[in-house]
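A.B. asks: Before we start, here is the structure in question, set down as structure tokens.
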2 protein chains.
Amino acid sequence: MAVSTKTEYALRALLELTGDGGGSLSAQAICARQNLPKKYVEHLLGAMKNAGIIESSQGSKGGYTLSRPSHKITLYDVMRAVDDSNHEMECGKSGPYCRGESCRLGGLFDEIATRQRRLLNSYTLAEIGKIYHGAT
Amino acid sequence: MAVSTKTEYALRALLELTGDGGGSLSAQAICARQNLPKKYVEHLLGAMKNAGIIESSQGSKGGYTLSRPSHKITLYDVMRAVDDSNHEMECGKSGPYCRGESCRLGGLFDEIATRQRRLLNSYTLAEIGKIYHGAT
DNA sequence: AAATAGCATAGTAAGTTACTATATATTACA
DNA sequence: TGTAATATATAGTAACTTACTATGCTATTT
């Protein structure tokens with residue numbers, strides 16, 4: 001229901017990658033600028049890399065870059081990458097306490113999930129950046 | 001992001017209370033009809049009672065009733081009662097890793113929470129009952 | 001070679017989830 | 001009055017999640 005710490009940290013990290021020409025920044029630099037716990041955020045960066053949101057280069061002078069323009073990265077993309085949320089919750093599949101055929105809540109839950117996804121997809125990194133940096 | 005088991009159980013319990021004249025049903029009866037774990041659902045019923053969604057009478061022949069008509073009980077009411085979700089997540093209040101004044105994500109998160117609340121409030125128990133019982 | 005990075009694995013304390021167990025309080029009914 | 005049937009309160013538990021930290025390895029630049 002509420003936005004998780006993971007999502008907040010991930011967004012703040014991405015916002016550092018969004019500015020200007022979008023140069024490569026190290027986890028070190030990102031976390032220094034945003035005052036974030038480095039080791040923890042490295043995991044989030046890893047998850048976002050796996051999700052295809054960012055790219056990385058190793059070695060000295062390595063770092064992270066957005067893998068596509070910020071208006072093509074949505075809040076949903078970030079949350080999905082960083083909160084695991086692979087539990088798609090189909091009624092009756094998840095436990096012993098469902099009456100199977102007569103439990104007809106699955107469709108409802110799917111509908112709600114779809115609408116939430118749509119909500120979350122309606123915010124792009126670019127827009128969040130504007131909010132963050134105070135566009136009136 | 002997904003609907004929790006708590007919410008599912010709570011809804012299914014409430015749906016039993018919704019039918020017909022909305023007579024009083026014991027936890028026992030509710031759980032027998034819905035094949036739900038009694039002791040666990042009793043907690044959910046307690047939470048919903050505290051939230052003012054249902055009322056209870058004690059003693060033999062005791063049980064639970066809706067405390068207002070089913071079209072005035074929303075999915076949000078149920079979720080709020082049963083998932084704790086008292087973390088209203090204001091950016092910067094929750095931990096050491098926020099730069100305070102320059103962290104401007106709080107407004108965004110509030111906006112999203114508001115929209116999610118609106119989504120969840122748009123489903124009433126009455127409507128969910130129709131879906132559940134298969135109104136075409 | 002050395003410094004600087006990413007990356008992988010795992011550990012940890014606190015909290016949540018999905019339960020169960022036990023004991024107590026309240027009421028209906030015989 | 002007694003007892004069965006209920007709600008209610010507290011607490012315990014195993015598995016999992018969250019928000020971290022620690023250690024070590026690999027890749028790249030200088």
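In the structure tokens, each chain is lettered A, B, ... as it comes, each chain's residues begin at 1, and ligands are numbered from 1 in order of appearance.
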Could you give me the residues within stretch 1-131 of chain A that DSSP places in alpha helix (DSSP H), as a PyMOL selection string?
C.D. replies: chain A and resi 5-18+27-34+38-50+75-82+106-121+125-131
A.B. asks: Determine which residues of chain D sit within 12 Å of chain B, taking into account only C-alpha atoms (C1' of nucleotides), and present them as a ChimeraX atom specification.
C.D. replies: /D:3-10,19-20
A.B. asks: Using only C-alpha atoms, what does the table of chain B residues within 6 Å of chain A look like, with each row giving the shortest atom pair and its distance in Å to one decimal, sorted by chain and ascending number, as JSON lines?
C.D. replies:
```
{"residue": "B:Asn35", "atom": "CA", "partner": "A:Tyr97", "partner_atom": "CA", "distance": 5.7}
{"residue": "B:Leu36", "atom": "CA", "partner": "A:Tyr97", "partner_atom": "CA", "distance": 5.4}
{"residue": "B:Tyr97", "atom": "CA", "partner": "A:Leu36", "partner_atom": "CA", "distance": 5.4}
{"residue": "B:Arg104", "atom": "CA", "partner": "A:Tyr132", "partner_atom": "CA", "distance": 5.0}
{"residue": "B:Tyr132", "atom": "CA", "partner": "A:Arg104", "partner_atom": "CA", "distance": 5.0}
```
A.B. asks: Include N, CA and C atoms and write out the residues we just selected as a PDB file, in the first residue's frame.
C.D. replies:
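Wrote it out as part05.pdb, contents follow:
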```
ATOM      1  N   ASN B  35     -14.492 -22.611   4.269  1.00  0.00           N
ATOM      2  CA  ASN B  35     -13.286 -23.427   4.424  1.00  0.00           C
ATOM      3  C   ASN B  35     -12.063 -22.569   4.763  1.00  0.00           C
ATOM      4  N   LEU B  36     -12.178 -21.869   5.862  1.00  0.00           N
ATOM      5  CA  LEU B  36     -11.094 -20.990   6.295  1.00  0.00           C
ATOM      6  C   LEU B  36     -10.612 -21.403   7.678  1.00  0.00           C
ATOM      7  N   TYR B  97      18.560   7.929   6.038  1.00  0.00           N
ATOM      8  CA  TYR B  97      19.121   8.076   4.710  1.00  0.00           C
ATOM      9  C   TYR B  97      18.319   8.995   3.806  1.00  0.00           C
ATOM     10  N   ARG B 104      12.503  15.429  -2.334  1.00  0.00           N
ATOM     11  CA  ARG B 104      11.169  15.904  -2.668  1.00  0.00           C
ATOM     12  C   ARG B 104      10.282  14.817  -3.234  1.00  0.00           C
ATOM     13  N   TYR B 132     -18.672 -12.152  -6.969  1.00  0.00           N
ATOM     14  CA  TYR B 132     -18.426 -13.447  -6.331  1.00  0.00           C
ATOM     15  C   TYR B 132     -19.529 -14.457  -6.642  1.00  0.00           C
TER      16      TYR B 132
END
```
A.B. asks: Please check the contacts: residues of chain C at most 8 Å away from chain A, using only C-alpha atoms (C1' of nucleotides), listed as a ChimeraX atom specification.
C.D. replies: /C:3-6
A.B. asks: Those same residues, written as a JSON list (two decimals), in the first residue's frame with C-alpha atoms (C1' of nucleotides)?
C.D. replies:
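Result file again-v9.json:
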```json
[["chain", "number", "residue", "atom", "x", "y", "z"],
["C", 3, "DA", "C1'", 43.72, 1.30, -7.09],
["C", 4, "DT", "C1'", 38.98, 1.45, -8.20],
["C", 5, "DA", "C1'", 35.12, -0.29, -9.50],
["C", 6, "DG", "C1'", 31.18, -4.07, -10.05]]
```
A.B. asks: What does the structure give for the distance between atom CA of A:Val78 and atom CA of A:Ala47, in Å to one decimal?
C.D. replies: 9.3 Å
A.B. asks: Restricting the calculation to only C-alpha atoms (C1' of nucleotides): of C:DA2, C:DT22, C:DC7, C:DT12, which residue gets closest to D:DA22?
C.D. replies: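 Between C:DA2, C:DT22, C:DC7, C:DT12, the residue approaching D:DA22 most closely is C:DT12.
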A.B. asks: Let's see if you can do this: from backbone DSSP, list all strand (DSSP E) residues in stretch 49-134 of chain A, as a PyMOL selection string.
C.D. replies: chain A and resi 54-57+63-66
A.B. asks: Please provide the set of residues having any atom within 10 Å of C:DA21, restricted to only C-alpha atoms (C1' of nucleotides), with same-chain residues fewer than 3 positions apart removed, written as a ChimeraX atom specification.
C.D. replies: /B:39 /D:11-12
A.B. asks: Measure the distance from atom CA of B:Ile53 to atom CA of B:Asp84 in Å and round it to one decimal.
C.D. replies: 14.9 Å
A.B. asks: What is the distance between atom CA of B:Thr114 and atom CA of B:Ala126, in Å to one decimal?
C.D. replies: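 Here the two named atoms are 22.6 Å from each other.
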